[in-house]
file start18.txt (compact mmCIF, C-alpha atoms)
# COMPACT_ATOMS: atom_id res chain seq x y z
CA MET A 29 0.00 0.00 0.00
CA ALA A 30 1.38 3.43 -1.01
CA SER A 31 2.37 5.85 1.73
CA PRO A 32 0.75 9.33 1.94
CA THR A 33 3.97 10.85 0.52
CA GLU A 34 3.90 8.48 -2.47
CA ARG A 35 0.22 9.23 -3.13
CA ASN A 36 0.78 13.01 -2.95
CA ASP A 37 3.76 12.80 -5.29
CA ALA A 38 1.77 10.66 -7.71
CA ARG A 39 -1.07 13.22 -7.84
CA LYS A 40 1.45 15.96 -8.71
CA GLY A 41 3.01 13.86 -11.46
CA ARG A 42 6.33 13.41 -9.67
CA LYS A 43 8.17 10.19 -9.28
CA PHE A 44 8.71 9.26 -5.65
CA ARG A 45 12.35 8.72 -4.70
CA PRO A 46 13.01 7.27 -1.26
CA GLY A 47 15.23 9.44 0.92
CA ARG A 48 14.85 12.56 -1.28
CA GLY A 49 11.86 14.24 0.26
CA PRO A 50 11.62 17.71 1.79
CA SER A 51 14.29 17.00 4.40
CA GLY A 52 16.79 15.47 1.97
CA PRO A 53 18.89 16.92 -0.83
CA GLY A 54 16.22 16.40 -3.45
CA PRO A 55 14.92 18.69 -6.19
CA GLY A 56 13.61 22.06 -5.07
CA ARG A 57 15.95 22.23 -2.06
CA PRO A 58 18.98 24.38 -2.93
CA GLN A 59 22.36 23.20 -1.76
CA ARG A 60 24.65 25.27 0.43
CA ALA A 61 27.13 27.14 -1.75
CA HIS A 62 30.81 26.32 -1.24
CA ALA A 63 32.37 28.13 -4.20
CA THR A 64 33.22 31.19 -2.10
CA PRO A 65 34.91 30.68 1.29
CA ALA A 66 32.48 31.70 4.02
CA ASP A 67 35.08 33.86 5.75
CA ASP A 68 35.31 36.06 2.64
CA TRP A 69 31.81 37.36 3.36
CA ILE A 70 30.55 40.06 5.69
CA TRP A 71 26.98 39.80 6.95
CA GLY A 72 24.67 41.71 9.26
CA TRP A 73 23.32 45.19 8.55
CA HIS A 74 25.78 47.28 10.60
CA ALA A 75 28.84 45.44 9.30
CA VAL A 76 27.73 45.59 5.65
CA GLU A 77 26.60 49.21 5.83
CA ALA A 78 29.95 50.26 7.32
CA ALA A 79 31.89 48.33 4.68
CA LEU A 80 29.93 49.93 1.84
CA ALA A 81 30.53 53.38 3.35
CA ASN A 82 34.27 52.83 3.78
CA PRO A 83 36.17 54.75 1.07
CA ARG A 84 39.25 52.59 1.73
CA ARG A 85 37.48 49.63 0.15
CA GLY A 86 37.04 49.17 -3.56
CA ALA A 87 33.87 48.03 -5.28
CA PRO A 88 32.41 44.82 -3.79
CA SER A 89 32.31 41.66 -5.90
CA ARG A 90 28.89 40.54 -4.61
CA LEU A 91 26.13 42.03 -2.48
CA LEU A 92 23.07 39.95 -1.59
CA ALA A 93 20.05 41.64 -0.02
CA THR A 94 16.39 40.99 0.58
CA PRO A 95 14.03 43.42 -1.20
CA ASP A 96 13.62 45.63 1.90
CA LYS A 97 17.36 45.79 2.54
CA ALA A 98 18.05 46.38 -1.15
CA ARG A 99 15.83 49.47 -1.04
CA GLN A 100 17.70 50.75 2.04
CA ILE A 101 21.04 50.19 0.31
CA GLU A 102 19.95 52.00 -2.86
CA ALA A 103 18.52 54.88 -0.84
CA ARG A 104 21.90 55.45 0.80
CA PHE A 105 24.47 54.32 -1.77
CA GLY A 106 22.61 54.51 -5.07
CA ARG A 107 22.51 51.67 -7.56
CA LEU A 108 25.39 49.27 -7.00
CA LYS A 109 26.46 46.95 -9.78
CA ALA A 110 27.14 44.10 -7.35
CA LEU A 111 23.66 44.17 -5.75
CA GLU A 112 21.58 41.00 -6.17
CA VAL A 113 18.10 40.82 -4.69
CA ALA A 114 17.49 37.47 -2.98
CA ASP A 115 15.32 36.00 -0.28
CA ALA A 116 16.67 35.28 3.20
CA HIS A 117 17.07 31.57 2.50
CA GLN A 118 19.14 32.17 -0.63
CA ILE A 119 21.41 34.56 1.27
CA GLY A 120 21.89 32.00 4.02
CA LEU A 121 23.12 29.43 1.51
CA ALA A 122 26.22 31.53 0.80
CA LEU A 123 27.09 31.79 4.49
CA PRO A 124 28.02 29.45 7.35
CA GLN A 125 25.18 27.45 8.85
CA GLY A 126 23.23 29.57 11.31
CA ALA A 127 24.72 32.94 10.30
CA VAL A 128 22.37 35.73 11.42
CA HIS A 129 22.61 37.87 8.29
CA GLN A 130 19.64 40.23 8.86
CA GLY A 131 18.82 40.14 5.16
CA VAL A 132 22.15 41.28 3.77
CA ALA A 133 25.56 39.76 2.94
CA LEU A 134 28.56 41.29 1.21
CA ARG A 135 31.67 39.90 -0.42
CA PRO A 136 33.77 43.07 -0.22
CA ALA A 137 37.01 44.23 -1.71
CA PRO A 138 39.76 43.57 0.84
CA LEU A 139 41.07 46.17 3.24
CA GLU A 140 44.75 46.99 3.08
CA ASP A 141 46.66 46.32 6.28
CA ALA A 142 48.11 49.22 8.21
CA ASP A 143 51.84 49.50 8.86
CA ILE A 144 53.07 49.80 12.44
CA ALA A 145 55.30 52.69 11.37
CA ASP A 146 52.11 54.65 10.68
CA PHE A 147 51.04 54.61 14.34
CA GLU A 148 52.09 57.94 15.84
CA PRO A 149 53.03 57.85 19.56
CA ARG A 150 50.96 60.83 20.66
CA PRO A 151 50.21 61.51 24.37
CA GLY A 152 47.19 59.45 25.42
CA ALA A 153 47.31 57.25 22.30
CA VAL A 154 46.66 53.52 22.77
CA LEU A 155 47.49 50.54 20.57
CA LEU A 156 46.29 46.99 21.14
CA VAL A 157 48.41 43.91 20.44
CA LEU A 158 46.77 40.47 20.51
CA ASP A 159 49.07 37.52 21.13
CA GLN A 160 47.48 34.43 19.55
CA VAL A 161 43.89 35.50 20.18
CA THR A 162 42.34 33.47 17.39
CA ASP A 163 38.61 33.31 18.14
CA PRO A 164 36.79 35.52 15.59
CA GLN A 165 34.04 36.48 18.05
CA ASN A 166 36.60 37.69 20.58
CA VAL A 167 38.66 39.62 18.03
CA GLY A 168 35.46 41.19 16.67
CA ALA A 169 34.32 42.22 20.15
CA ILE A 170 37.78 43.67 20.87
CA LEU A 171 37.64 45.69 17.65
CA ARG A 172 34.24 47.02 18.69
CA SER A 173 35.68 48.20 22.03
CA ALA A 174 38.74 49.59 20.25
CA ALA A 175 36.54 51.73 18.01
CA ALA A 176 34.44 52.89 20.98
CA PHE A 177 37.53 54.08 22.89
CA GLY A 178 39.34 55.59 19.90
CA VAL A 179 42.25 53.15 19.80
CA ALA A 180 44.94 54.14 17.30
CA GLY A 181 45.24 50.62 15.92
CA LEU A 182 45.22 46.87 16.46
CA ILE A 183 48.19 44.61 15.80
CA LEU A 184 47.84 40.89 15.10
CA GLN A 185 50.30 38.14 14.32
CA ASP A 186 49.86 37.16 10.70
CA ARG A 187 49.93 33.39 11.26
CA HIS A 188 47.45 33.22 14.11
CA ALA A 189 44.73 35.73 13.32
CA PRO A 190 41.32 35.37 11.65
CA LYS A 191 40.28 37.34 8.59
CA LEU A 192 38.51 40.65 9.10
CA ALA A 193 35.27 39.20 7.77
CA GLY A 194 32.76 36.49 8.64
CA ALA A 195 31.80 36.08 12.28
CA LEU A 196 34.53 38.54 13.28
CA ALA A 197 33.00 41.37 11.24
CA LYS A 198 29.51 40.53 12.52
CA ALA A 199 30.72 40.71 16.15
CA ALA A 200 32.55 43.97 15.42
CA ALA A 201 29.31 45.57 14.14
CA GLY A 202 31.11 47.89 11.71
CA ALA A 203 34.26 48.52 13.78
CA VAL A 204 36.40 46.64 11.22
CA GLU A 205 36.06 49.74 9.05
CA ARG A 206 37.08 52.20 11.79
CA THR A 207 40.18 50.78 13.48
CA PRO A 208 43.40 50.30 11.46
CA VAL A 209 44.73 46.75 11.72
CA ALA A 210 48.37 45.77 11.16
CA ARG A 211 49.57 42.20 10.74
CA VAL A 212 53.15 41.34 11.63
CA VAL A 213 55.24 38.19 11.36
CA ASN A 214 56.88 38.51 14.78
CA LEU A 215 55.15 40.22 17.72
CA SER A 216 58.31 40.49 19.82
CA ARG A 217 60.11 42.32 17.02
CA ALA A 218 57.08 44.55 16.48
CA LEU A 219 57.07 45.50 20.17
CA ASP A 220 60.76 46.42 19.94
CA GLU A 221 60.01 48.65 16.94
CA LEU A 222 57.15 50.34 18.75
CA THR A 223 59.12 51.00 21.94
CA SER A 224 61.98 52.40 19.86
CA ALA A 225 59.47 54.75 18.23
CA GLY A 226 58.30 56.09 21.60
CA TRP A 227 55.56 53.69 22.71
CA ARG A 228 55.52 51.96 26.08
CA ALA A 229 54.44 48.31 26.01
CA VAL A 230 52.30 47.06 28.91
CA GLY A 231 51.39 43.39 28.98
CA LEU A 232 48.27 42.25 30.83
CA ALA A 233 49.10 39.30 33.06
CA GLY A 234 47.78 37.99 36.35
CA GLU A 235 51.32 37.85 37.75
CA GLY A 236 51.89 41.57 37.21
CA GLU A 237 53.15 43.25 40.38
CA ARG A 238 51.11 46.42 39.90
CA GLY A 239 47.53 47.01 38.88
CA LEU A 240 46.87 48.50 35.46
CA HIS A 241 45.58 51.73 37.02
CA GLU A 242 48.96 52.18 38.71
CA VAL A 243 50.94 51.59 35.53
CA LEU A 244 49.12 53.82 33.05
CA ASP A 245 50.34 57.40 33.01
CA GLY A 246 48.88 58.97 29.87
CA ALA A 247 51.97 58.27 27.74
CA PRO A 248 51.49 56.52 24.37
CA THR A 249 50.80 52.93 25.41
CA VAL A 250 50.68 49.54 23.75
CA LEU A 251 48.37 47.16 25.65
CA VAL A 252 49.33 43.55 24.98
CA LEU A 253 46.76 40.81 25.62
CA GLY A 254 47.32 37.07 25.40
CA SER A 255 45.00 34.23 24.55
CA GLU A 256 42.58 32.80 27.07
CA GLY A 257 44.10 29.97 29.04
CA GLU A 258 47.74 30.41 28.02
CA GLY A 259 47.94 34.20 28.38
CA LEU A 260 50.98 36.00 27.03
CA ARG A 261 53.74 33.85 25.61
CA ARG A 262 57.05 34.13 27.46
CA LEU A 263 58.96 35.89 24.68
CA VAL A 264 56.17 38.39 24.11
CA ALA A 265 55.97 39.13 27.84
CA GLU A 266 59.74 39.65 27.96
CA HIS A 267 59.47 42.32 25.27
CA CYS A 268 56.95 44.33 27.29
CA ASP A 269 58.24 47.23 29.38
CA GLU A 270 56.03 46.14 32.28
CA LEU A 271 53.41 43.55 33.16
CA ALA A 272 50.25 44.74 34.88
CA ARG A 273 47.16 43.02 36.22
CA ILE A 274 43.48 43.90 36.31
CA PRO A 275 42.50 43.77 40.01
CA MET A 276 39.69 41.29 40.61
CA PRO A 277 38.59 41.49 44.25
CA GLY A 278 35.89 38.90 43.72
CA GLY A 279 38.47 36.14 43.86
CA PHE A 280 37.43 34.65 40.53
CA GLU A 281 40.39 35.48 38.32
CA SER A 282 39.03 34.52 34.93
CA LEU A 283 38.00 37.12 32.37
CA ASN A 284 37.11 36.61 28.74
CA VAL A 285 39.84 38.30 26.69
CA SER A 286 37.37 40.68 25.04
CA ALA A 287 36.05 41.70 28.47
CA ALA A 288 39.62 42.22 29.69
CA ALA A 289 40.32 44.40 26.65
CA ALA A 290 37.24 46.55 27.31
CA ILE A 291 38.22 47.05 30.97
CA ALA A 292 41.81 47.89 30.02
CA LEU A 293 40.69 50.40 27.39
CA TYR A 294 38.29 52.05 29.81
CA GLU A 295 41.13 52.40 32.32
CA ALA A 296 43.45 53.77 29.65
CA ALA A 297 40.85 56.35 28.58
CA ARG A 298 40.52 57.85 32.07
CA PRO A 299 42.07 61.34 32.37
CA ARG A 300 45.51 61.40 33.99
call {"tool": "encode", "arguments": {"input": "start18.txt", "output": "structure tokens"}}
result
Amino acid sequence: MASPTERNDARKGRKFRPGRGPSGPGPGRPQRAHATPADDWIWGWHAVEAALANPRRGAPSRLLATPDKARQIEARFGRLKALEVADAHQIGLALPQGAVHQGVALRPAPLEDADIADFEPRPGAVLLVLDQVTDPQNVGAILRSAAAFGVAGLILQDRHAPKLAGALAKAAAGAVERTPVARVVNLSRALDELTSAGWRAVGLAGEGERGLHEVLDGAPTVLVLGSEGEGLRRLVAEHCDELARIPMPGGFESLNVSAAAAIALYEAARPR
């Protein structure tokens, strides 16, 4: 006896194929696109809007938007050659599973990296250095805090840093476009170059003898943060002028690195 699915398919003139119904990879169910690496895309309204508004980027190669978002884009940026109107499901197929794209996704022209020689050691200026912080969500959240506190730039190690796109750009909510990012081969050498140029390098570490509030003095400062768990690597710590700690009177000495960065930047922004 035919099953209800077989009978329904027969009425519609389709041949029933076991295992290829609505939940399988059968006809009418588009496959997830893999031609473009997912981390080449930026998604989410704030991240995409900021990328389109950034004059340091060239013309995007693709821009997918739902009809409502397409109208918003055209109202602000005019007609863009790369714009393709699509439904939310079609946009999701170009992105990682579960990406919250808010009806818009962009494959942008790349941003050029900054050069550490471009960072001017002005009084009160702050740079951030991340030592093997590889989680895109954390780096994106740190960039968001960096933009909020007017950080002069962010420095990453080239081999151990995510692209400035994908989940990182979504977490940064547009801050990728506001904070210059430099990538270097060797962090220890980069710290030496910065201190020679007039910066003072302060590494955040639980074993620091003084609290961060005692160390900061309003001079141009490089704040160096290590990965969660391992913290700063020994050689990187040795190339800092001083190690400082964030006092935690609650007795639970475990902060997410993006939370530690936000606290450190708030402390650095206080008038001195």
call {"tool": "closest_residue", "arguments": {"input": "start18.txt", "among": "A:Ala289, A:Ile170, A:Leu232, A:Ala103", "to": "Arg273 of chain A", "atoms": "all atoms listed in the file"}}
result
A:Leu232
call {"tool": "atom_distance", "arguments": {"input": "start18.txt", "atom1": "atom CA of Leu134 of chain A", "atom2": "atom CA of Asn166 of chain A"}}
result
21.3 Å
call {"tool": "residues_near_point", "arguments": {"input": "start18.txt", "point": "(27.9, 49.4, 12.1)", "cutoff": "7 Å", "atoms": "only C-alpha atoms", "output": "number ranges by chain"}}
result
A: 74-75, 77-78, 201-203
call {"tool": "residues_around", "arguments": {"input": "start18.txt", "residues": "Ala218 of chain A", "least_positions_apart": "5", "cutoff": "9 Å", "atoms": "all atoms listed in the file", "output": "VMD selection string"}}
result
chain A and resid 144 183 212 to 213 223
call {"tool": "write_last_selection", "arguments": {"input": "start18.txt", "atoms": "C-alpha atoms", "output": "PDB file, in the frame of the given file"}}
result
ATOM      1  CA  ILE A 144      53.070  49.800  12.440  1.00  0.00           C
ATOM      2  CA  ILE A 183      48.190  44.610  15.800  1.00  0.00           C
ATOM      3  CA  VAL A 212      53.150  41.340  11.630  1.00  0.00           C
ATOM      4  CA  VAL A 213      55.240  38.190  11.360  1.00  0.00           C
ATOM      5  CA  THR A 223      59.120  51.000  21.940  1.00  0.00           C
TER       6      THR A 223
END
call {"tool": "closest_residue", "arguments": {"input": "start18.txt", "among": "A:Arg262, A:Lys191, A:His129, A:Arg172", "to": "Ala290 of chain A", "atoms": "all atoms listed in the file"}}
result
A:Arg172
call {"tool": "atom_distance", "arguments": {"input": "start18.txt", "atom1": "atom CA of Arg99 of chain A", "atom2": "atom CA of Ala175 of chain A"}}
result
28.2 Å
call {"tool": "atom_distance", "arguments": {"input": "start18.txt", "atom1": "atom CA of Gln185 of chain A", "atom2": "atom CA of Met276 of chain A"}}
result
28.5 Å
call {"tool": "closest_residue", "arguments": {"input": "start18.txt", "among": "A:Ile274, A:Ser224, A:Ala195, A:Gly231", "to": "Gly126 of chain A", "atoms": "all atoms listed in the file"}}
result
A:Ala195
call {"tool": "closest_residue", "arguments": {"input": "start18.txt", "among": "A:Gln130, A:Ser282, A:Ser89, A:Ser255", "to": "Val167 of chain A", "atoms": "all atoms listed in the file"}}
result
A:Ser255
call {"tool": "closest_residue", "arguments": {"input": "start18.txt", "among": "A:Asp68, A:Glu148, A:Asp159, A:Asp115", "to": "Glu256 of chain A", "atoms": "all atoms listed in the file"}}
result
A:Asp159
call {"tool": "closest_residue", "arguments": {"input": "start18.txt", "among": "A:Ala189, A:Ala197, A:Ala98, A:Leu121", "to": "Val161 of chain A", "atoms": "all atoms listed in the file"}}
result
A:Ala189
call {"tool": "residues_around", "arguments": {"input": "start18.txt", "residues": "Ile70 of chain A", "least_positions_apart": "3", "cutoff": "9 Å", "atoms": "only C-alpha atoms", "output": "ChimeraX atom specification"}}
result
/A:66-67,75-76,79,129,132-136,192-198
